[in-house]
>>> print(open('coords_23.cif').read())   # mmCIF, C-alpha atoms and all ligand atoms
data_input
loop_
_atom_site.label_atom_id
_atom_site.label_comp_id
_atom_site.auth_asym_id
_atom_site.auth_seq_id
_atom_site.Cartn_x
_atom_site.Cartn_y
_atom_site.Cartn_z
CA MET B 23 22.14 15.61 -0.99
CA LYS B 24 24.40 14.56 -3.89
CA LYS B 25 22.40 13.75 -7.05
CA ASN B 26 23.12 11.39 -9.96
CA LYS B 27 24.22 8.56 -7.72
CA LYS B 28 24.00 4.98 -8.95
CA ILE B 29 21.81 3.15 -6.48
CA LEU B 30 20.97 -0.55 -6.27
CA VAL B 31 17.65 -1.51 -4.67
CA PRO B 32 17.31 -5.28 -4.25
CA GLY B 33 13.65 -5.94 -3.47
CA GLY B 34 12.74 -2.79 -5.38
CA ALA B 35 9.49 -4.23 -6.76
CA GLY B 36 8.10 -4.85 -3.28
CA PHE B 37 5.91 -2.55 -1.23
CA ILE B 38 8.57 -0.45 0.51
CA GLY B 39 11.13 -0.97 -2.29
CA SER B 40 8.93 0.43 -5.05
CA HIS B 41 8.14 3.60 -3.07
CA LEU B 42 11.85 3.99 -2.34
CA CYS B 43 12.85 3.58 -6.03
CA GLU B 44 10.35 6.28 -6.99
CA LYS B 45 11.67 8.73 -4.40
CA LEU B 46 15.32 8.08 -5.31
CA LEU B 47 14.51 8.70 -8.99
CA ASN B 48 12.72 11.94 -8.09
CA PHE B 49 15.92 13.07 -6.37
CA GLY B 50 17.77 12.65 -9.72
CA ASN B 51 19.55 9.33 -9.16
CA LYS B 52 20.00 6.31 -11.39
CA VAL B 53 18.20 3.36 -9.83
CA TYR B 54 18.78 -0.34 -10.48
CA CYS B 55 15.92 -2.40 -9.11
CA VAL B 56 16.69 -6.10 -8.63
CA ASP B 57 13.81 -8.39 -7.76
CA ASN B 58 12.95 -12.06 -8.37
CA LEU B 59 9.22 -11.19 -8.17
CA LEU B 60 8.58 -13.95 -5.62
CA THR B 61 6.54 -11.46 -3.60
CA GLY B 62 7.41 -8.23 -5.42
CA LYS B 63 5.05 -7.13 -8.20
CA LYS B 64 5.79 -5.72 -11.65
CA ARG B 65 2.73 -3.49 -11.31
CA ASN B 66 4.43 -1.68 -8.40
CA ILE B 67 7.14 -0.41 -10.75
CA SER B 68 5.29 -0.30 -14.10
CA HIS B 69 5.05 3.50 -13.92
CA LEU B 70 8.86 3.74 -13.50
CA ILE B 71 9.88 1.51 -16.41
CA LYS B 72 9.73 4.33 -18.97
CA ASN B 73 12.06 6.48 -16.85
CA TYR B 74 15.48 6.60 -18.50
CA ASN B 75 17.18 6.46 -15.09
CA PHE B 76 15.38 3.32 -13.95
CA LYS B 77 16.46 -0.20 -14.76
CA PHE B 78 14.67 -3.35 -13.66
CA ILE B 79 16.68 -6.57 -13.42
CA LYS B 80 14.76 -9.78 -12.67
CA LYS B 81 17.18 -11.68 -10.50
CA ASP B 82 17.47 -13.53 -7.23
CA VAL B 83 19.48 -11.65 -4.63
CA ASN B 84 21.14 -14.89 -3.54
CA LYS B 85 22.88 -15.09 -6.95
CA LYS B 86 26.01 -12.95 -7.49
CA ILE B 87 25.38 -9.41 -8.73
CA ILE B 88 28.16 -7.38 -10.36
CA LEU B 89 27.20 -3.75 -10.75
CA LYS B 90 29.25 -0.70 -9.89
CA VAL B 91 27.07 1.44 -7.63
CA ASP B 92 27.47 4.11 -4.97
CA GLU B 93 24.74 2.91 -2.62
CA ILE B 94 22.73 -0.24 -1.93
CA TYR B 95 19.40 -0.41 -0.07
CA ASN B 96 18.77 -4.09 0.65
CA LEU B 97 15.03 -4.74 0.87
CA ALA B 98 15.07 -8.18 -0.72
CA CYS B 99 13.10 -10.62 1.44
CA PRO B 100 9.48 -11.77 1.66
CA ALA B 101 8.08 -9.82 4.62
CA SER B 102 4.49 -10.84 5.30
CA PRO B 103 4.10 -13.75 7.75
CA VAL B 104 1.74 -15.60 5.38
CA LYS B 105 4.12 -15.23 2.42
CA TYR B 106 7.37 -16.03 4.23
CA GLN B 107 5.86 -19.05 5.95
CA LYS B 108 4.91 -20.40 2.50
CA ASN B 109 8.52 -19.98 1.35
CA PRO B 110 10.64 -20.45 4.49
CA ILE B 111 13.82 -21.67 2.79
CA GLU B 112 13.76 -18.99 0.09
CA THR B 113 13.16 -16.44 2.86
CA ILE B 114 16.18 -17.33 4.95
CA LYS B 115 18.33 -17.66 1.81
CA ALA B 116 17.31 -14.16 0.71
CA SER B 117 18.41 -12.70 4.05
CA VAL B 118 21.62 -14.68 4.54
CA LEU B 119 22.97 -15.41 1.03
CA GLY B 120 21.53 -12.13 -0.28
CA SER B 121 23.31 -10.11 2.42
CA LEU B 122 26.60 -11.95 1.80
CA ASN B 123 26.44 -11.18 -1.93
CA LEU B 124 25.52 -7.55 -1.43
CA LEU B 125 28.12 -6.98 1.27
CA ASP B 126 30.80 -8.41 -1.07
CA LEU B 127 29.54 -6.06 -3.77
CA ALA B 128 29.64 -3.10 -1.37
CA LYS B 129 33.21 -4.03 -0.41
CA LYS B 130 34.30 -4.40 -4.06
CA TYR B 131 33.04 -0.94 -5.10
CA ASN B 132 33.31 0.85 -1.75
CA ALA B 133 29.53 1.43 -1.77
CA LYS B 134 27.45 2.35 1.27
CA ILE B 135 24.94 -0.38 2.12
CA LEU B 136 21.74 -0.15 4.13
CA GLN B 137 20.02 -3.25 5.46
CA ALA B 138 16.25 -3.21 5.87
CA SER B 139 16.11 -5.10 9.13
CA THR B 140 12.96 -5.45 11.15
CA SER B 141 11.18 -5.20 14.49
CA GLU B 142 10.87 -8.99 14.16
CA ILE B 143 14.45 -9.32 15.37
CA TYR B 144 12.98 -8.50 18.83
CA GLY B 145 10.66 -11.55 18.50
CA ASP B 146 7.98 -11.58 21.19
CA PRO B 147 9.59 -8.77 23.18
CA LYS B 148 9.86 -8.77 26.96
CA GLU B 149 10.95 -5.12 26.94
CA HIS B 150 8.42 -2.45 26.04
CA PRO B 151 8.76 -0.19 24.09
CA GLN B 152 11.67 -1.77 22.26
CA LYS B 153 14.99 0.09 22.27
CA GLU B 154 17.88 -0.76 19.94
CA THR B 155 19.82 -2.09 22.94
CA TYR B 156 17.26 -4.89 23.54
CA HIS B 157 18.49 -8.27 22.25
CA GLY B 158 15.07 -9.81 21.70
CA ASN B 159 13.17 -12.96 22.53
CA VAL B 160 13.15 -15.16 19.45
CA ASN B 161 12.21 -18.80 18.91
CA PRO B 162 14.92 -20.28 16.65
CA ILE B 163 12.79 -23.18 15.36
CA GLY B 164 9.29 -21.75 14.97
CA PHE B 165 7.23 -20.82 11.92
CA ARG B 166 8.44 -17.20 12.05
CA SER B 167 12.12 -18.14 12.51
CA CYS B 168 12.97 -18.19 8.79
CA TYR B 169 12.28 -14.45 8.78
CA ASP B 170 13.34 -13.47 12.30
CA GLU B 171 16.55 -15.50 12.42
CA GLY B 172 17.37 -14.72 8.78
CA LYS B 173 17.17 -11.00 9.52
CA ARG B 174 19.14 -11.43 12.75
CA CYS B 175 21.89 -13.30 10.88
CA ALA B 176 21.88 -10.56 8.23
CA GLU B 177 22.50 -7.97 10.98
CA THR B 178 25.41 -10.07 12.25
CA LEU B 179 26.88 -10.25 8.75
CA PHE B 180 26.54 -6.49 8.31
CA PHE B 181 28.37 -5.73 11.54
CA ASP B 182 31.09 -8.35 10.87
CA TYR B 183 31.72 -6.94 7.39
CA HIS B 184 31.89 -3.49 8.95
CA ARG B 185 34.37 -4.54 11.63
CA GLU B 186 36.49 -6.92 9.55
CA LYS B 187 36.34 -5.38 6.06
CA LYS B 188 35.46 -1.76 6.88
CA VAL B 189 32.28 -1.83 4.77
CA LYS B 190 30.13 1.29 5.30
CA ILE B 191 26.89 -0.08 6.73
CA LYS B 192 23.53 1.22 7.97
CA VAL B 193 21.09 -1.11 9.73
CA ALA B 194 17.47 0.08 9.97
CA ARG B 195 14.96 -1.90 12.03
CA ILE B 196 11.65 -1.20 10.31
CA PHE B 197 8.43 -1.67 12.30
CA ASN B 198 5.00 -2.44 10.78
CA THR B 199 4.52 -0.29 7.69
CA TYR B 200 1.38 0.20 5.61
CA GLY B 201 0.12 2.30 2.72
CA PRO B 202 -0.76 2.30 -0.97
CA LYS B 203 0.78 -0.55 -3.00
CA MET B 204 0.58 -3.02 -0.12
CA ASP B 205 -0.17 -6.40 -1.60
CA PHE B 206 -3.97 -6.95 -1.32
CA LEU B 207 -3.46 -10.64 -0.65
CA ASP B 208 -0.39 -10.66 1.56
CA GLY B 209 -2.40 -11.75 4.59
CA ARG B 210 -1.26 -8.89 6.79
CA VAL B 211 -3.63 -7.24 9.16
CA VAL B 212 -4.14 -3.89 7.40
CA SER B 213 -4.60 -5.41 3.92
CA ASN B 214 -6.84 -8.23 5.24
CA PHE B 215 -9.09 -5.87 7.20
CA ILE B 216 -9.44 -3.34 4.37
CA MET B 217 -10.25 -6.09 1.85
CA GLN B 218 -12.73 -7.70 4.23
CA CYS B 219 -14.44 -4.38 4.98
CA LEU B 220 -14.66 -3.31 1.34
CA LYS B 221 -16.30 -6.64 0.48
CA ASN B 222 -18.50 -6.65 3.62
CA LYS B 223 -16.96 -9.97 4.66
CA ASN B 224 -16.19 -11.00 8.24
CA ILE B 225 -13.21 -9.23 9.81
CA THR B 226 -10.87 -11.97 11.05
CA ILE B 227 -9.35 -11.03 14.39
CA TYR B 228 -6.73 -13.55 15.55
CA GLY B 229 -6.88 -14.32 19.26
CA LYS B 230 -8.79 -11.75 21.29
CA GLY B 231 -7.28 -8.90 19.30
CA LEU B 232 -5.51 -7.55 22.38
CA GLN B 233 -2.06 -7.92 20.81
CA THR B 234 -0.64 -4.56 19.77
CA ARG B 235 1.29 -3.16 16.83
CA SER B 236 2.46 0.35 15.91
CA PHE B 237 1.79 1.20 12.28
CA CYS B 238 3.88 3.63 10.27
CA TYR B 239 2.81 5.16 6.97
CA ILE B 240 5.01 4.31 3.99
CA ASP B 241 6.08 7.89 3.16
CA ASP B 242 7.45 8.39 6.67
CA ILE B 243 9.52 5.20 6.44
CA VAL B 244 10.93 6.04 3.00
CA GLU B 245 11.90 9.51 4.20
CA ALA B 246 13.74 8.02 7.19
CA LEU B 247 15.58 5.41 5.09
CA ILE B 248 16.91 8.07 2.73
CA LYS B 249 17.90 10.35 5.61
CA PHE B 250 19.72 7.48 7.30
CA MET B 251 21.66 6.58 4.14
CA ASN B 252 22.63 10.22 3.61
CA LEU B 253 23.89 10.98 7.11
CA LYS B 254 27.27 12.65 6.85
CA ASN B 255 28.74 10.71 9.78
CA ASN B 256 29.58 7.01 10.07
CA PHE B 257 26.60 6.12 12.26
CA THR B 258 25.78 2.46 11.55
CA GLY B 259 22.68 1.93 13.66
CA PRO B 260 20.95 -0.35 14.40
CA LEU B 261 18.19 2.21 14.26
CA ASN B 262 14.48 1.69 14.97
CA LEU B 263 12.20 3.24 12.34
CA GLY B 264 8.48 3.23 12.94
CA ASN B 265 5.56 5.09 14.40
CA PRO B 266 5.33 4.74 18.19
CA TYR B 267 1.52 5.16 18.16
CA GLU B 268 0.44 1.77 19.51
CA VAL B 269 -2.99 0.20 18.87
CA ASN B 270 -4.43 -3.22 19.50
CA ILE B 271 -5.80 -5.34 16.69
CA TYR B 272 -9.39 -5.08 17.92
CA GLU B 273 -9.16 -1.27 17.81
CA ILE B 274 -7.71 -1.28 14.31
CA ALA B 275 -10.51 -3.56 13.11
CA LYS B 276 -13.10 -1.11 14.46
CA LYS B 277 -11.25 1.84 12.96
CA ILE B 278 -11.03 0.33 9.47
CA LYS B 279 -14.70 -0.74 9.64
CA LYS B 280 -15.68 2.83 10.48
CA LEU B 281 -13.47 4.45 7.84
CA THR B 282 -14.85 2.16 5.12
CA ASN B 283 -18.52 2.41 6.32
CA SER B 284 -18.53 -1.36 6.21
CA LYS B 285 -21.24 -3.77 7.34
CA SER B 286 -18.66 -6.44 8.17
CA LYS B 287 -18.87 -8.37 11.45
CA LEU B 288 -15.88 -8.89 13.74
CA ILE B 289 -15.10 -12.58 14.24
CA PHE B 290 -12.38 -14.24 16.30
CA LYS B 291 -9.97 -16.91 15.04
CA LYS B 292 -7.07 -18.85 16.52
CA LEU B 293 -3.97 -16.77 17.31
CA PRO B 294 -1.00 -17.98 15.18
CA GLU B 295 1.97 -19.54 16.99
CA ASP B 296 4.66 -17.12 18.25
CA ASP B 297 2.55 -14.06 17.36
CA PRO B 298 4.17 -11.17 19.30
CA ILE B 299 1.90 -9.79 22.04
CA LYS B 300 3.19 -6.23 22.05
CA ARG B 301 5.21 -4.15 19.67
CA LYS B 302 6.12 -0.49 19.82
CA PRO B 303 9.35 1.18 18.79
CA ASP B 304 11.32 3.53 20.97
CA ILE B 305 12.40 6.03 18.30
CA SER B 306 14.42 8.46 20.45
CA LEU B 307 17.61 7.50 18.60
CA ALA B 308 16.05 8.14 15.15
CA LYS B 309 14.68 11.49 16.36
CA LYS B 310 18.12 12.50 17.55
CA THR B 311 20.29 11.21 14.70
CA LEU B 312 17.99 11.83 11.72
CA LYS B 313 16.01 14.79 13.10
CA TRP B 314 12.99 12.76 11.96
CA VAL B 315 9.57 11.95 13.34
CA PRO B 316 6.71 10.21 11.53
CA LYS B 317 4.16 12.81 10.42
CA ILE B 318 1.19 10.91 9.00
CA THR B 319 -1.51 9.99 11.52
CA LEU B 320 -3.06 6.53 11.47
CA ASN B 321 -6.43 7.92 10.32
CA LYS B 322 -4.95 9.88 7.42
CA GLY B 323 -2.71 7.01 6.37
CA LEU B 324 -5.52 4.49 6.52
CA LEU B 325 -7.75 6.74 4.41
CA GLU B 326 -5.03 6.96 1.74
CA THR B 327 -4.57 3.20 1.83
CA ILE B 328 -8.30 2.53 1.62
CA LYS B 329 -8.54 4.89 -1.40
CA TYR B 330 -5.79 2.91 -3.12
CA PHE B 331 -7.52 -0.41 -2.41
CA GLN B 332 -10.88 0.92 -3.63
CA LYS B 333 -9.32 2.07 -6.88
CA ASN B 334 -7.23 -0.98 -7.58
CA ILE B 335 -8.93 -4.18 -6.38
N1 LIG X 1 -3.96 -10.39 12.38
C1 LIG X 1 -5.31 -10.54 12.62
N2 LIG X 1 -6.13 -10.80 11.56
C2 LIG X 1 -5.67 -10.91 10.28
C3 LIG X 1 -4.29 -10.73 10.05
C4 LIG X 1 -3.45 -10.49 11.13
O1 LIG X 1 -5.79 -10.44 13.75
O2 LIG X 1 -6.50 -11.13 9.37
C5 LIG X 1 -3.07 -10.09 13.53
C6 LIG X 1 -1.84 -11.00 13.65
O3 LIG X 1 -2.16 -12.16 14.39
C7 LIG X 1 -0.86 -10.08 14.37
C8 LIG X 1 -1.23 -8.69 13.90
O4 LIG X 1 -2.54 -8.79 13.34
O5 LIG X 1 -1.09 -10.14 15.77
C9 LIG X 1 -0.29 -8.16 12.84
O6 LIG X 1 -0.15 -9.13 11.85
P1 LIG X 1 0.64 -8.91 10.50
O7 LIG X 1 0.62 -10.22 9.78
O8 LIG X 1 0.10 -7.74 9.79
O9 LIG X 1 2.12 -8.52 10.89
P2 LIG X 1 3.16 -8.96 12.04
O10 LIG X 1 3.34 -7.74 12.83
O11 LIG X 1 2.58 -10.07 12.86
O12 LIG X 1 4.37 -9.37 11.28
#
>>> encode(input="coords_23.cif", output="structure tokens")
Amino acid sequence: MKKNKKILVPGGAGFIGSHLCEKLLNFGNKVYCVDNLLTGKKRNISHLIKNYNFKFIKKDVNKKIILKVDEIYNLACPASPVKYQKNPIETIKASVLGSLNLLDLAKKYNAKILQASTSEIYGDPKEHPQKETYHGNVNPIGFRSCYDEGKRCAETLFFDYHREKKVKIKVARIFNTYGPKMDFLDGRVVSNFIMQCLKNKNITIYGKGLQTRSFCYIDDIVEALIKFMNLKNNFTGPLNLGNPYEVNIYEIAKKIKKLTNSKSKLIFKKLPEDDPIKRKPDISLAKKTLKWVPKITLNKGLLETIKYFQKNI
């Protein structure tokens, strides 16, 4: 892989973004992290600030950015349902206006640009597991729409810029990801359950807990994103990235309780509107194109995440 590239990471102070910045720096690149810190955290990148090759720019991705770079990884968007539903307009603006700005920038400097899309573009899927060819089942006016439809529109923009302006694009559809540096208070299932277990508080299962997700450890996702960007061919995706190991929410509650030796009780609360019932990526395309499979098991990944929470809360 070519070193000393100039790389822009909008959303670089977020959970996935901060891990990605660190890895790109370790590979010898110059990294520009742009983040408005709406959901990103300075503490995620504090250990990188002293690195000569790292520059943090506090800025909204929906404002014009002029910076000559070789590559752009666009991770700028609130991603946890609790957080994006608190800021729905900012969320859709980040995806739509942010993508337009960054695609113009990529065009101007002939940079390669990767969009962090999401499994949410499949909505509440009627196809299982989800392949890249599935078009999804999304409510355009629900509480999750600011995220789902924003990310869907971003994908459209990426492909239109590719077809009309020949911009070099990569679209990765990232499934549920967890690991150290997840926001303790982002309201997501893994962070909520770990926090609740460590404090011996009730574990809040929404609905009956029979809905499923497939959780991928952060290091696996970061590895796949970098591989995708560095493919020698012009493969654009869309490409599912995630761990196909599917569990239901009740099982994950029991697992986290056991791994933390917690005395917490499992309680049941109302299932949020439009909460997808099943989610599992078909990753055959990623296996074939990237020669990649996720390596970290759920148990090992959860133990690492729990260690991080114990040390930092
Ligand atoms: N969930 C839950 N209890 C919580 C938080 C989430 O049962 O305290 C459920 C939520 O309803 C969803 C699943 O866990 O079915 C995953 O939620 P999360 O917000 O982590 O991500 P999503 O995949 O829905 O974007």
>>> residues_near_ligand(input="coords_23.cif", ligand="ligand LIG 1 (chain X)", cutoff="9 Å", atoms="all atoms listed in the file", output="ChimeraX atom specification")
/B:101-104,141-142,166,197-199,208-215,218,225-236,270-272,275,290-295,297-301
>>> atom_distance(input="coords_23.cif", atom1="atom CA of Ile29 of chain B", atom2="atom CA of Asn123 of chain B")
15.7 Å
>>> closest_residue(input="coords_23.cif", among="B:Ile87, B:Ile318, B:Ala35, B:Leu324", to="Asn66 of chain B", atoms="only C-alpha atoms")
B:Ala35
>>> residues_around(input="coords_23.cif", residues="segment 183-186 of chain B", least_positions_apart="2", cutoff="9 Å", atoms="only C-alpha atoms", output="list in words")
Leu125, Asp126, Lys129, Thr178, Leu179, Phe180, Phe181, Lys188, Val189, Lys190, Ile191 and Thr258 of chain B
>>> atom_distance(input="coords_23.cif", atom1="atom CA of Gln332 of chain B", atom2="atom CA of Lys203 of chain B")
11.8 Å
>>> closest_residue(input="coords_23.cif", among="B:Asp242, B:Glu154, B:Glu171, B:Asp82", to="Trp314 of chain B", atoms="all atoms listed in the file")
B:Asp242
>>> atom_distance(input="coords_23.cif", atom1="atom CA of Ile240 of chain B", atom2="atom CA of Lys285 of chain B")
27.7 Å
>>> residues_near_point(input="coords_23.cif", point="(12.4, -8.1, -13.5)", cutoff="9 Å", atoms="all atoms listed in the file", output="PyMOL selection string")
chain B and resi 35+55-59+64+77-81
>>> closest_residue(input="coords_23.cif", among="B:Leu70, B:Asn96, B:Tyr267, B:Arg195", to="Tyr144 of chain B", atoms="only C-alpha atoms")
B:Arg195
>>> build_atoms(input="coords_23.cif", residues="segment 208-242 of chain B", atoms="N, CA and C atoms", output="short mmCIF file (atom, residue, chain, number, x, y, z; two decimals), in the coordinates of the input")
data_model
loop_
_atom_site.label_atom_id
_atom_site.label_comp_id
_atom_site.auth_asym_id
_atom_site.auth_seq_id
_atom_site.Cartn_x
_atom_site.Cartn_y
_atom_site.Cartn_z
N ASP B 208 -1.58 -10.20 0.83
CA ASP B 208 -0.39 -10.66 1.56
C ASP B 208 -0.72 -11.20 2.94
N GLY B 209 -1.97 -11.13 3.33
CA GLY B 209 -2.40 -11.75 4.59
C GLY B 209 -2.10 -10.92 5.82
N ARG B 210 -1.58 -9.71 5.62
CA ARG B 210 -1.26 -8.89 6.79
C ARG B 210 -2.53 -8.22 7.30
N VAL B 211 -2.42 -7.69 8.49
CA VAL B 211 -3.63 -7.24 9.16
C VAL B 211 -4.29 -6.06 8.43
N VAL B 212 -3.51 -5.07 8.02
CA VAL B 212 -4.14 -3.89 7.40
C VAL B 212 -4.77 -4.27 6.06
N SER B 213 -4.04 -5.03 5.23
CA SER B 213 -4.60 -5.41 3.92
C SER B 213 -5.80 -6.34 4.11
N ASN B 214 -5.69 -7.33 5.01
CA ASN B 214 -6.84 -8.23 5.24
C ASN B 214 -8.08 -7.45 5.67
N PHE B 215 -7.92 -6.57 6.66
CA PHE B 215 -9.09 -5.87 7.20
C PHE B 215 -9.71 -4.93 6.17
N ILE B 216 -8.87 -4.25 5.39
CA ILE B 216 -9.44 -3.34 4.37
C ILE B 216 -10.19 -4.16 3.32
N MET B 217 -9.59 -5.25 2.86
CA MET B 217 -10.25 -6.09 1.85
C MET B 217 -11.57 -6.62 2.39
N GLN B 218 -11.52 -7.13 3.63
CA GLN B 218 -12.73 -7.70 4.23
C GLN B 218 -13.82 -6.64 4.36
N CYS B 219 -13.44 -5.45 4.80
CA CYS B 219 -14.44 -4.38 4.98
C CYS B 219 -15.01 -3.93 3.65
N LEU B 220 -14.15 -3.79 2.63
CA LEU B 220 -14.66 -3.31 1.34
C LEU B 220 -15.61 -4.33 0.71
N LYS B 221 -15.43 -5.60 1.05
CA LYS B 221 -16.30 -6.64 0.48
C LYS B 221 -17.40 -7.06 1.45
N ASN B 222 -17.53 -6.33 2.55
CA ASN B 222 -18.50 -6.65 3.62
C ASN B 222 -18.41 -8.10 4.09
N LYS B 223 -17.19 -8.61 4.13
CA LYS B 223 -16.96 -9.97 4.66
C LYS B 223 -16.55 -9.87 6.13
N ASN B 224 -16.57 -11.03 6.83
CA ASN B 224 -16.19 -11.00 8.24
C ASN B 224 -14.75 -10.50 8.42
N ILE B 225 -14.56 -9.70 9.48
CA ILE B 225 -13.21 -9.23 9.81
C ILE B 225 -12.58 -10.26 10.75
N THR B 226 -11.46 -10.84 10.31
CA THR B 226 -10.87 -11.97 11.05
C THR B 226 -9.85 -11.48 12.08
N ILE B 227 -10.28 -11.43 13.33
CA ILE B 227 -9.35 -11.03 14.39
C ILE B 227 -8.73 -12.31 14.97
N TYR B 228 -7.40 -12.37 15.00
CA TYR B 228 -6.73 -13.55 15.55
C TYR B 228 -6.56 -13.36 17.06
N GLY B 229 -6.89 -14.42 17.80
CA GLY B 229 -6.88 -14.32 19.26
C GLY B 229 -8.00 -13.40 19.70
N LYS B 230 -7.75 -12.68 20.79
CA LYS B 230 -8.79 -11.75 21.29
C LYS B 230 -8.60 -10.36 20.68
N GLY B 231 -7.55 -10.21 19.91
CA GLY B 231 -7.28 -8.90 19.30
C GLY B 231 -6.64 -7.92 20.28
N LEU B 232 -6.12 -8.45 21.39
CA LEU B 232 -5.51 -7.55 22.38
C LEU B 232 -4.02 -7.34 22.10
N GLN B 233 -3.48 -8.13 21.17
CA GLN B 233 -2.06 -7.92 20.81
C GLN B 233 -1.95 -6.57 20.12
N THR B 234 -0.79 -5.92 20.32
CA THR B 234 -0.64 -4.56 19.77
C THR B 234 0.43 -4.51 18.67
N ARG B 235 0.27 -3.51 17.82
CA ARG B 235 1.29 -3.16 16.83
C ARG B 235 1.30 -1.64 16.74
N SER B 236 2.35 -1.10 16.12
CA SER B 236 2.46 0.35 15.91
C SER B 236 2.69 0.52 14.42
N PHE B 237 1.77 1.18 13.74
CA PHE B 237 1.79 1.20 12.28
C PHE B 237 2.33 2.52 11.75
N CYS B 238 3.28 2.43 10.84
CA CYS B 238 3.88 3.63 10.27
C CYS B 238 3.53 3.74 8.79
N TYR B 239 3.18 4.94 8.37
CA TYR B 239 2.81 5.16 6.97
C TYR B 239 4.05 5.12 6.09
N ILE B 240 3.88 4.56 4.91
CA ILE B 240 5.01 4.31 3.99
C ILE B 240 5.89 5.54 3.73
N ASP B 241 5.27 6.71 3.51
CA ASP B 241 6.08 7.89 3.16
C ASP B 241 7.04 8.27 4.29
N ASP B 242 6.58 8.09 5.52
CA ASP B 242 7.45 8.39 6.67
C ASP B 242 8.65 7.46 6.69
#
